[in-house]
Each structure stands twice: as C-alpha cells, then as structure tokens.
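Here is the file coords-v4.pdb (PDB, C-alpha atoms and all ligand atoms).
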```pdb
ATOM      1  CA  MET A   1      60.906  19.174  26.304  1.00  0.00           C
ATOM      2  CA  ASN A   2      64.213  17.406  26.092  1.00  0.00           C
ATOM      3  CA  SER A   3      64.116  15.167  23.042  1.00  0.00           C
ATOM      4  CA  LEU A   4      66.352  12.576  24.763  1.00  0.00           C
ATOM      5  CA  ARG A   5      63.731  12.076  27.408  1.00  0.00           C
ATOM      6  CA  LYS A   6      61.591   9.033  26.777  1.00  0.00           C
ATOM      7  CA  GLU A   7      57.975   9.468  27.724  1.00  0.00           C
ATOM      8  CA  ILE A   8      55.563   6.592  28.016  1.00  0.00           C
ATOM      9  CA  LYS A   9      52.075   7.741  27.172  1.00  0.00           C
ATOM     10  CA  THR A  10      50.110   4.520  26.954  1.00  0.00           C
ATOM     11  CA  LEU A  11      50.454   0.821  27.543  1.00  0.00           C
ATOM     12  CA  GLN A  12      51.199   0.448  23.804  1.00  0.00           C
ATOM     13  CA  ASP A  13      54.544   2.177  24.400  1.00  0.00           C
ATOM     14  CA  ILE A  14      55.704  -0.747  26.552  1.00  0.00           C
ATOM     15  CA  ASP A  15      56.437  -4.193  25.152  1.00  0.00           C
ATOM     16  CA  ALA A  16      54.850  -7.049  27.074  1.00  0.00           C
ATOM     17  CA  ALA A  17      58.148  -8.425  28.436  1.00  0.00           C
ATOM     18  CA  SER A  18      59.099  -5.052  29.930  1.00  0.00           C
ATOM     19  CA  PHE A  19      55.758  -4.495  31.636  1.00  0.00           C
ATOM     20  CA  THR A  20      56.924  -5.519  35.109  1.00  0.00           C
ATOM     21  CA  PHE A  21      56.740  -4.179  38.654  1.00  0.00           C
ATOM     22  CA  GLU A  22      60.488  -3.695  38.647  1.00  0.00           C
ATOM     23  CA  ASN A  23      60.409  -1.549  35.510  1.00  0.00           C
ATOM     24  CA  LEU A  24      57.454   0.521  36.681  1.00  0.00           C
ATOM     25  CA  ARG A  25      58.896   1.201  40.124  1.00  0.00           C
ATOM     26  CA  TRP A  26      58.569   4.876  41.100  1.00  0.00           C
ATOM     27  CA  LYS A  27      62.136   6.225  41.245  1.00  0.00           C
ATOM     28  CA  TYR A  28      61.198   9.843  41.807  1.00  0.00           C
ATOM     29  CA  GLY A  29      58.617  12.368  40.766  1.00  0.00           C
ATOM     30  CA  VAL A  30      59.275  15.212  38.312  1.00  0.00           C
ATOM     31  CA  PHE A  31      57.479  18.477  37.772  1.00  0.00           C
ATOM     32  CA  ARG A  32      57.869  20.422  34.532  1.00  0.00           C
ATOM     33  CA  PRO A  33      56.473  23.912  34.193  1.00  0.00           C
ATOM     34  CA  MET A  34      54.726  24.142  30.819  1.00  0.00           C
ATOM     35  CA  SER A  35      53.400  27.089  28.864  1.00  0.00           C
ATOM     36  CA  SER A  36      51.734  27.825  25.558  1.00  0.00           C
ATOM     37  CA  GLY A  37      50.640  30.919  23.678  1.00  0.00           C
ATOM     38  CA  ALA A  38      52.185  34.342  24.114  1.00  0.00           C
ATOM     39  CA  GLY A  39      51.640  37.642  25.844  1.00  0.00           C
ATOM     40  CA  ARG A  40      48.388  38.023  27.735  1.00  0.00           C
ATOM     41  CA  ASN A  41      47.114  34.725  26.359  1.00  0.00           C
ATOM     42  CA  LYS A  42      50.099  32.762  27.567  1.00  0.00           C
ATOM     43  CA  LYS A  43      48.954  29.801  29.643  1.00  0.00           C
ATOM     44  CA  HIS A  44      50.998  28.046  32.303  1.00  0.00           C
ATOM     45  CA  TRP A  45      50.519  24.634  33.798  1.00  0.00           C
ATOM     46  CA  GLY A  46      52.571  21.877  35.341  1.00  0.00           C
ATOM     47  CA  TRP A  47      53.304  18.410  34.057  1.00  0.00           C
ATOM     48  CA  CYS A  48      53.597  15.900  36.915  1.00  0.00           C
ATOM     49  CA  GLY A  49      55.468  12.799  35.995  1.00  0.00           C
ATOM     50  CA  VAL A  50      57.205   9.769  37.420  1.00  0.00           C
ATOM     51  CA  VAL A  51      60.664   8.548  36.498  1.00  0.00           C
ATOM     52  CA  THR A  52      60.810   4.786  36.022  1.00  0.00           C
ATOM     53  CA  ALA A  53      63.379   2.410  34.531  1.00  0.00           C
ATOM     54  CA  LEU A  54      61.486   2.604  31.231  1.00  0.00           C
ATOM     55  CA  GLY A  55      61.303   6.382  31.070  1.00  0.00           C
ATOM     56  CA  GLU A  56      59.011   9.126  32.282  1.00  0.00           C
ATOM     57  CA  VAL A  57      55.318   8.551  32.728  1.00  0.00           C
ATOM     58  CA  GLU A  58      52.694  11.163  33.488  1.00  0.00           C
ATOM     59  CA  GLU A  59      51.569  10.590  37.060  1.00  0.00           C
ATOM     60  CA  LYS A  60      47.952   9.763  36.283  1.00  0.00           C
ATOM     61  CA  VAL A  61      49.100   7.345  33.547  1.00  0.00           C
ATOM     62  CA  TRP A  62      51.487   5.726  36.038  1.00  0.00           C
ATOM     63  CA  TYR A  63      48.556   4.879  38.313  1.00  0.00           C
ATOM     64  CA  GLN A  64      46.580   3.471  35.342  1.00  0.00           C
ATOM     65  CA  LEU A  65      49.532   1.340  34.223  1.00  0.00           C
ATOM     66  CA  THR A  66      50.318   0.028  37.677  1.00  0.00           C
ATOM     67  CA  GLU A  67      46.668  -0.809  38.389  1.00  0.00           C
ATOM     68  CA  GLN A  68      46.718  -2.768  35.114  1.00  0.00           C
ATOM     69  CA  LEU A  69      49.926  -4.501  36.185  1.00  0.00           C
ATOM     70  CA  ILE A  70      48.358  -5.527  39.494  1.00  0.00           C
ATOM     71  CA  LYS A  71      45.298  -6.812  37.619  1.00  0.00           C
ATOM     72  CA  ASN A  72      47.460  -8.800  35.173  1.00  0.00           C
ATOM     73  CA  ALA A  73      49.233 -10.391  38.117  1.00  0.00           C
ATOM     74  CA  GLY A  74      45.869 -11.319  39.669  1.00  0.00           C
ATOM     75  CA  GLU A  75      46.814  -9.359  42.783  1.00  0.00           C
ATOM     76  CA  GLN A  76      43.777  -7.113  43.228  1.00  0.00           C
ATOM     77  CA  GLN A  77      43.000  -8.863  46.502  1.00  0.00           C
ATOM     78  CA  LEU A  78      46.513  -8.218  47.753  1.00  0.00           C
ATOM     79  CA  LEU A  79      46.104  -4.536  46.872  1.00  0.00           C
ATOM     80  CA  ALA A  80      42.802  -4.514  48.756  1.00  0.00           C
ATOM     81  CA  HIS A  81      44.640  -5.948  51.766  1.00  0.00           C
ATOM     82  CA  LEU A  82      47.295  -3.234  51.551  1.00  0.00           C
ATOM     83  CA  ILE A  83      44.590  -0.578  51.368  1.00  0.00           C
ATOM     84  CA  GLU A  84      42.877  -2.054  54.415  1.00  0.00           C
ATOM     85  CA  TRP A  85      46.201  -2.267  56.247  1.00  0.00           C
ATOM     86  CA  GLU A  86      47.199   1.298  55.400  1.00  0.00           C
ATOM     87  CA  SER A  87      43.755   2.588  56.385  1.00  0.00           C
ATOM     88  CA  GLU A  88      44.050   0.963  59.783  1.00  0.00           C
ATOM     89  CA  CYS A  89      47.725   1.473  60.520  1.00  0.00           C
ATOM     90  CA  GLY A  90      49.205   4.494  58.929  1.00  0.00           C
ATOM     91  CA  TYR A  91      46.946   6.760  56.967  1.00  0.00           C
ATOM     92  CA  THR A  92      43.799   7.122  59.000  1.00  0.00           C
ATOM     93  CA  LYS A  93      43.614  10.839  58.275  1.00  0.00           C
ATOM     94  CA  SER A  94      44.085  10.532  54.511  1.00  0.00           C
ATOM     95  CA  SER A  95      41.295  10.388  51.936  1.00  0.00           C
ATOM     96  CA  SER A  96      40.480   7.005  50.421  1.00  0.00           C
ATOM     97  CA  ASP A  97      42.036   8.168  47.146  1.00  0.00           C
ATOM     98  CA  GLU A  98      45.321   9.028  48.893  1.00  0.00           C
ATOM     99  CA  VAL A  99      45.330   5.717  50.751  1.00  0.00           C
ATOM    100  CA  ARG A 100      44.787   3.835  47.472  1.00  0.00           C
ATOM    101  CA  LYS A 101      47.651   5.713  45.826  1.00  0.00           C
ATOM    102  CA  GLU A 102      49.970   5.013  48.734  1.00  0.00           C
ATOM    103  CA  ALA A 103      48.971   1.336  48.663  1.00  0.00           C
ATOM    104  CA  ILE A 104      49.763   1.169  44.922  1.00  0.00           C
ATOM    105  CA  HIS A 105      53.218   2.618  45.644  1.00  0.00           C
ATOM    106  CA  LEU A 106      53.820  -0.044  48.276  1.00  0.00           C
ATOM    107  CA  HIS A 107      52.441  -2.768  46.022  1.00  0.00           C
ATOM    108  CA  VAL A 108      54.663  -1.849  43.059  1.00  0.00           C
ATOM    109  CA  SER A 109      57.692  -1.866  45.372  1.00  0.00           C
ATOM    110  CA  ARG A 110      56.593  -5.380  46.547  1.00  0.00           C
ATOM    111  CA  ILE A 111      56.915  -4.277  50.144  1.00  0.00           C
ATOM    112  CA  PHE A 112      55.012  -7.323  51.427  1.00  0.00           C
ATOM    113  CA  ASP A 113      57.876  -9.537  50.167  1.00  0.00           C
ATOM    114  CA  ASP A 114      60.551  -7.552  52.009  1.00  0.00           C
ATOM    115  CA  PRO A 115      61.381  -9.085  55.421  1.00  0.00           C
ATOM    116  CA  GLU A 116      62.916  -5.751  56.441  1.00  0.00           C
ATOM    117  CA  TRP A 117      59.516  -4.058  56.213  1.00  0.00           C
ATOM    118  CA  ILE A 118      58.469  -3.277  59.774  1.00  0.00           C
ATOM    119  CA  HIS A 119      54.967  -4.639  59.088  1.00  0.00           C
ATOM    120  CA  TYR A 120      56.212  -7.786  57.334  1.00  0.00           C
ATOM    121  CA  LEU A 121      55.207 -10.178  60.122  1.00  0.00           C
ATOM    122  CA  PRO A 122      51.837  -8.751  61.218  1.00  0.00           C
ATOM    123  CA  PHE A 123      50.752  -8.040  57.620  1.00  0.00           C
ATOM    124  CA  ASN A 124      51.647 -11.490  56.331  1.00  0.00           C
ATOM    125  CA  LYS A 125      50.359 -13.236  59.433  1.00  0.00           C
ATOM    126  CA  ARG A 126      46.983 -11.672  58.713  1.00  0.00           C
ATOM    127  CA  TYR A 127      46.807 -11.915  54.926  1.00  0.00           C
ATOM    128  CA  ARG A 128      49.421 -14.427  53.725  1.00  0.00           C
ATOM    129  CA  PRO A 129      49.943 -16.966  56.516  1.00  0.00           C
ATOM    130  CA  GLU A 130      52.129 -19.178  54.299  1.00  0.00           C
ATOM    131  CA  ILE A 131      54.677 -16.343  54.055  1.00  0.00           C
ATOM    132  CA  TRP A 132      54.511 -15.780  57.812  1.00  0.00           C
ATOM    133  CA  GLU A 133      55.028 -19.512  58.411  1.00  0.00           C
ATOM    134  CA  ALA A 134      58.236 -19.424  56.367  1.00  0.00           C
ATOM    135  CA  ALA A 135      59.620 -16.230  57.953  1.00  0.00           C
ATOM    136  CA  HIS A 136      62.803 -16.229  60.026  1.00  0.00           C
ATOM    137  CA  ILE A 137      61.266 -15.075  63.271  1.00  0.00           C
ATOM    138  CA  VAL A 138      63.344 -13.843  66.193  1.00  0.00           C
ATOM    139  CA  TYR A 139      61.880 -12.915  69.564  1.00  0.00           C
ATOM    140  CA  VAL A 140      63.287  -9.766  71.080  1.00  0.00           C
ATOM    141  CA  ARG A 141      62.602  -7.494  74.021  1.00  0.00           C
ATOM    142  CA  ASN A 142      62.732  -3.792  73.217  1.00  0.00           C
ATOM    143  CA  GLU A 143      64.052  -1.405  75.843  1.00  0.00           C
ATOM    144  CA  CYS A 144      61.197   1.051  75.326  1.00  0.00           C
ATOM    145  CA  CYS A 145      58.279  -1.185  76.332  1.00  0.00           C
ATOM    146  CA  GLN A 146      60.112  -4.142  77.867  1.00  0.00           C
ATOM    147  CA  LYS A 147      57.694  -6.364  75.965  1.00  0.00           C
ATOM    148  CA  VAL A 148      58.391  -9.377  73.787  1.00  0.00           C
ATOM    149  CA  SER A 149      58.120  -8.783  70.048  1.00  0.00           C
ATOM    150  CA  ALA A 150      58.513 -10.979  67.022  1.00  0.00           C
ATOM    151  CA  VAL A 151      60.759  -9.490  64.339  1.00  0.00           C
ATOM    152  CA  THR A 152      62.556 -10.978  61.343  1.00  0.00           C
ATOM    153  CA  GLN A 153      66.191 -12.011  61.269  1.00  0.00           C
ATOM    154  CA  GLU A 154      66.546  -9.642  58.303  1.00  0.00           C
ATOM    155  CA  GLN A 155      65.371  -6.695  60.437  1.00  0.00           C
ATOM    156  CA  ILE A 156      68.013  -7.563  62.998  1.00  0.00           C
ATOM    157  CA  ASP A 157      70.728  -7.983  60.367  1.00  0.00           C
ATOM    158  CA  ARG A 158      69.944  -4.525  58.998  1.00  0.00           C
ATOM    159  CA  SER A 159      69.414  -2.780  62.341  1.00  0.00           C
ATOM    160  CA  SER A 160      71.547   0.316  62.617  1.00  0.00           C
ATOM    161  CA  TYR A 161      72.998   1.558  65.889  1.00  0.00           C
ATOM    162  CA  SER A 162      71.603  -1.592  67.549  1.00  0.00           C
ATOM    163  CA  ILE A 163      68.072  -0.285  67.479  1.00  0.00           C
ATOM    164  CA  ILE A 164      64.995  -1.927  66.041  1.00  0.00           C
ATOM    165  CA  TYR A 165      61.356  -0.987  65.491  1.00  0.00           C
ATOM    166  CA  CYS A 166      59.099  -1.830  68.438  1.00  0.00           C
ATOM    167  CA  PRO A 167      55.709  -3.118  67.171  1.00  0.00           C
ATOM    168  CA  HIS A 168      54.117  -2.241  70.511  1.00  0.00           C
ATOM    169  CA  CYS A 169      54.746   1.503  70.567  1.00  0.00           C
ATOM    170  CA  GLY A 170      56.194   2.321  67.131  1.00  0.00           C
ATOM    171  CA  ARG A 171      59.450   3.708  68.544  1.00  0.00           C
ATOM    172  CA  TRP A 172      62.936   2.518  67.578  1.00  0.00           C
ATOM    173  CA  SER A 173      64.906   1.296  70.537  1.00  0.00           C
ATOM    174  CA  ARG A 174      67.682  -1.002  71.669  1.00  0.00           C
ATOM    175  CA  PHE A 175      66.771  -4.647  72.059  1.00  0.00           C
ATOM    176  CA  THR A 176      67.816  -7.983  73.480  1.00  0.00           C
ATOM    177  CA  ILE A 177      67.458 -11.196  71.494  1.00  0.00           C
ATOM    178  CA  LEU A 178      65.481 -13.798  73.438  1.00  0.00           C
ATOM    179  CA  GLY A 179      65.386 -16.650  70.941  1.00  0.00           C
ATOM    180  CA  ARG A 180      64.557 -17.804  67.467  1.00  0.00           C
ATOM    181  CA  ARG A 181      61.466 -19.596  66.218  1.00  0.00           C
ATOM    182  CA  VAL A 182      62.374 -23.214  65.729  1.00  0.00           C
ATOM    183  CA  LYS A 183      61.153 -24.878  62.545  1.00  0.00           C
ATOM    184  CA  PRO A 184      59.574 -27.306  62.582  1.00  0.00           C
ATOM    185  CA  GLU A 185      58.269 -26.366  65.963  1.00  0.00           C
ATOM    186  CA  GLY A 186      59.343 -28.631  68.779  1.00  0.00           C
ATOM    187  CA  PRO A 187      56.921 -30.355  71.145  1.00  0.00           C
ATOM    188  CA  ASN A 188      56.632 -27.216  73.261  1.00  0.00           C
ATOM    189  CA  PRO A 189      57.300 -24.058  71.269  1.00  0.00           C
ATOM    190  CA  CYS A 190      56.561 -22.089  74.435  1.00  0.00           C
ATOM    191  CA  LEU A 191      60.067 -23.028  75.607  1.00  0.00           C
ATOM    192  CA  ASP A 192      61.558 -20.955  72.789  1.00  0.00           C
ATOM    193  CA  CYS A 193      59.981 -17.870  74.217  1.00  0.00           C
ATOM    194  CA  ASP A 194      61.086 -15.823  77.191  1.00  0.00           C
ATOM    195  CA  CYS A 195      57.546 -15.725  78.571  1.00  0.00           C
ATOM    196  CA  TYR A 196      57.472 -19.396  79.529  1.00  0.00           C
ATOM    197  CA  ASP A 197      57.688 -20.041  83.243  1.00  0.00           C
ATOM    198  CA  PRO A 198      58.040 -23.648  84.475  1.00  0.00           C
ATOM    199  CA  ASP A 199      55.479 -23.053  87.220  1.00  0.00           C
ATOM    200  CA  MET A 200      53.172 -20.531  85.649  1.00  0.00           C
ATOM    201  CA  GLY A 201      53.286 -21.740  82.009  1.00  0.00           C
ATOM    202  CA  CYS A 202      52.830 -18.928  79.485  1.00  0.00           C
ATOM    203  CA  THR A 203      53.078 -15.536  81.119  1.00  0.00           C
ATOM    204  CA  MET A 204      52.784 -13.430  77.992  1.00  0.00           C
ATOM    205  CA  PRO A 205      50.093 -10.744  78.278  1.00  0.00           C
ATOM    206  CA  GLY A 206      47.179 -11.435  75.921  1.00  0.00           C
ATOM    207  CA  ILE A 207      47.750  -8.191  74.025  1.00  0.00           C
ATOM    208  CA  ASP A 208      51.259  -9.299  73.028  1.00  0.00           C
ATOM    209  CA  LYS A 209      50.273 -12.727  71.755  1.00  0.00           C
ATOM    210  CA  SER A 210      49.218 -11.723  68.260  1.00  0.00           C
ATOM    211  CA  TYR A 211      52.730 -10.358  67.694  1.00  0.00           C
ATOM    212  CA  ALA A 212      54.941 -12.480  69.778  1.00  0.00           C
ATOM    213  CA  CYS A 213      53.482 -15.823  70.783  1.00  0.00           C
ATOM    214  CA  PRO A 214      54.816 -18.797  68.782  1.00  0.00           C
ATOM    215  CA  LEU A 215      51.615 -20.719  69.557  1.00  0.00           C
ATOM    216  CA  GLU A 216      49.236 -18.051  68.315  1.00  0.00           C
ATOM    217  CA  ALA A 217      48.116 -19.134  64.849  1.00  0.00           C
ATOM    218  CA  PRO A 218      47.458 -16.515  62.152  1.00  0.00           C
ATOM    219  CA  ASN A 219      43.885 -15.608  61.215  1.00  0.00           C
ATOM    220  CA  GLY A 220      42.536 -17.172  64.385  1.00  0.00           C
ATOM    221  CA  GLY A 221      43.221 -20.637  62.987  1.00  0.00           C
ATOM    222  CA  GLN A 222      44.617 -23.098  65.471  1.00  0.00           C
ATOM    223  CA  ARG A 223      43.770 -22.050  69.010  1.00  0.00           C
ATOM    224  CA  ARG A 224      45.857 -22.542  72.094  1.00  0.00           C
ATOM    225  CA  ALA A 225      44.739 -25.536  74.115  1.00  0.00           C
ATOM    226  CA  SER A 226      44.467 -23.323  77.215  1.00  0.00           C
ATOM    227  CA  ASP A 227      41.951 -21.052  75.447  1.00  0.00           C
ATOM    228  CA  ALA A 228      39.609 -23.883  74.546  1.00  0.00           C
TER     229      ALA A 228
HETATM  230 ZN    ZN A 301      58.103  -0.012  72.562  1.00  0.00          ZN
END
```
Rewritten as structure tokens:
Amino acid sequence: MNSLRKEIKTLQDIDAASFTFENLRWKYGVFRPMSSGAGRNKKHWGWCGVVTALGEVEEKVWYQLTEQLIKNAGEQQLLAHLIEWESECGYTKSSSDEVRKEAIHLHVSRIFDDPEWIHYLPFNKRYRPEIWEAAHIVYVRNECCQKVSAVTQEQIDRSSYSIIYCPHCGRWSRFTILGRRVKPEGPNPCLDCDCYDPDMGCTMPGIDKSYACPLEAPNGGQRRASDA
C-alpha cells in the first residue's frame, strides 16, 4: 500500500476534536485488490474502504465509527427516524441492513438539516416539528399534477431549468409560485394559499393537506376547526 495514505483503523487513531460528522463524511469508496503468498498458494482479496477528510477507513470500520458518532451526539432516535423514513419512502425492496447503511450515510451528511433535500419538509414535519415550523415554506403548483405543494425557498433558489420536485408524484416539473407561508401566521393563513375560495372556504383535497395546507399541524397536533 502507498505509505502516504493514512488509514484509520480504530477510534484511537482519531483525536476527540476531529471526531465529527464533517470529518467522517463519505467522500467516495475505494477498492484495493490485495494478495499474499506466491504461486499456487497466492491468495487474493479486496479491501473496501472509504475516503474521508481524515484519511481512509475500512468500510466496516466506517460504519462502526459513524454509529459511535451518532451515539455520542445522542441522535440514535433521529437515526431510527431516518431508517423508518427510508423504509417507507425509498428503499422498500432493500434488506434492513442495507436500509440502515443508507440511513447512516444520510445521517452523517446531515441531510435532515439541508432545506434543499426533497424530503426536508415532510420528514421534519413528522419528526422534528420545530424545524418544520422555522422553514421558509413556499406554496407552488407543479405542472405535472396541477396540485399545490409546499416546498422550501432554498429548493426554489436552487431549482435548475425552472423545474422542481413534485411531492405528489415524484417527478420534476415546471412550477408556479402561489405564495409564501407568513410567519407569524396571520388571522387566516388559508388566505396565503391558492386553495382558499371566498365562498367555498378551503378547497384543498384532503390528500394534499399533509403536504400543502398551512393549517395542518405536524404530528396530528392542532386540528382544523372544520374537522372537529
Ligand atoms: Zn406531480
């Protein structure tokens, strides 16, 4: 192996101040063909590693270190939420081990803190309502479904070719901005939303409310007066 390459083999190789999510972030994977012995007894195997800011880490050690990091941060529950989310939303065909690994990747990259993440609003509305409350929410109508969606201002700022992810169908399509969530909410937040009709009141279909309705509280907290 290249002697300039720094390999981290155990937690002892990392000083406490450097043991951070940022430093352990998975930059890319590496595979090194290895061999020992000679002739007929020569054995071959592969070394699977991860390149991080601190150096290379064998893949299985990377998962041990990052699980420890999550534990140190007291974020096991947050990891459990990511696993639940991934199981339901994206990786239904994967084994539980694969889902856990994927969730650890997302956790180390702090995806739940990134307003550009397409699941930022629904994930945080469900598991971290205080983050959802503070989000810069914009209501849009995607061309694909013609339904109202809540997205973040950051998603709009970063949208390329004027397209944005549609939470209803999962496609990326052009969109029209309908309005922004007003904070603190005015006396009738329904007026900020394109679904309010002066005669009919709220006309948003029930299925859209969990995503798009400014009155729909996270985690089934505060209920709409009309539902009572
Ligand atoms: Zn759509």
When you look at region 154-159 of chain A with a cut-off of 6 Å (counting all atoms listed in the file), what residues show up, excluding the ones that are within fewer than 2 positions of it in the same chain? I need them as an MDAnalysis selection string.
chainID A and resid 115:116 152 162:164
Excluding region 131-134 of chain A and any residue of its chain fewer than 4 positions from it, enumerate the residues within 7 Å of it, using only C-alpha atoms, and give them as a ChimeraX atom specification.
/A:121,124-125
Output of the above residues as a JSON list (two decimals), in the coordinates of the input, restricted to C-alpha atoms:
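Saved result, again25.json, follows:
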```
[["chain", "number", "residue", "atom", "x", "y", "z"],
["A", 121, "LEU", "CA", 55.21, -10.18, 60.12],
["A", 124, "ASN", "CA", 51.65, -11.49, 56.33],
["A", 125, "LYS", "CA", 50.36, -13.24, 59.43]]
```
Counting all atoms listed in the file, what is within 12 Å of region 10-13 of chain A, bar same-chain residues fewer than 4 positions away, as a ChimeraX atom specification?
/A:6,17-20,24,54-69
Might you spell out which residues the PyMOL selection byres (((not hetatm)) within 8 of (chain A and resi 301)) would select in the displayed file, as a list in words?
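Matching residues under the PyMOL selection byres (((not hetatm)) within 8 of (chain A and resi 301)) are Asn142, Glu143, Cys144, Cys145, Gln146, Lys147, Tyr165, Cys166, Pro167, His168, Cys169, Gly170, Arg171, Trp172 and Ser173 of chain A.
Of the listed residues (A:Val182, A:Cys48, A:Cys195, A:Leu82), A:Leu82 comes nearest to Tyr127 (chain A); the distances count all atoms listed in the file.
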When you look at Leu78 (chain A) with a cut-off of 12 Å (counting only C-alpha atoms), what residues show up, excluding the ones that are within fewer than 2 positions of it in the same chain? I need them as a list in words.
Glu67, Ile70, Lys71, Ala73, Gly74, Glu75, Gln76, Ala80, His81, Leu82, Ile83, Glu84, Trp85, Ala103, Ile104, Leu106, His107, Val108, Arg110, Ile111, Phe112, Asp113, Phe123, Asn124, Arg126, Tyr127 and Arg128 of chain A
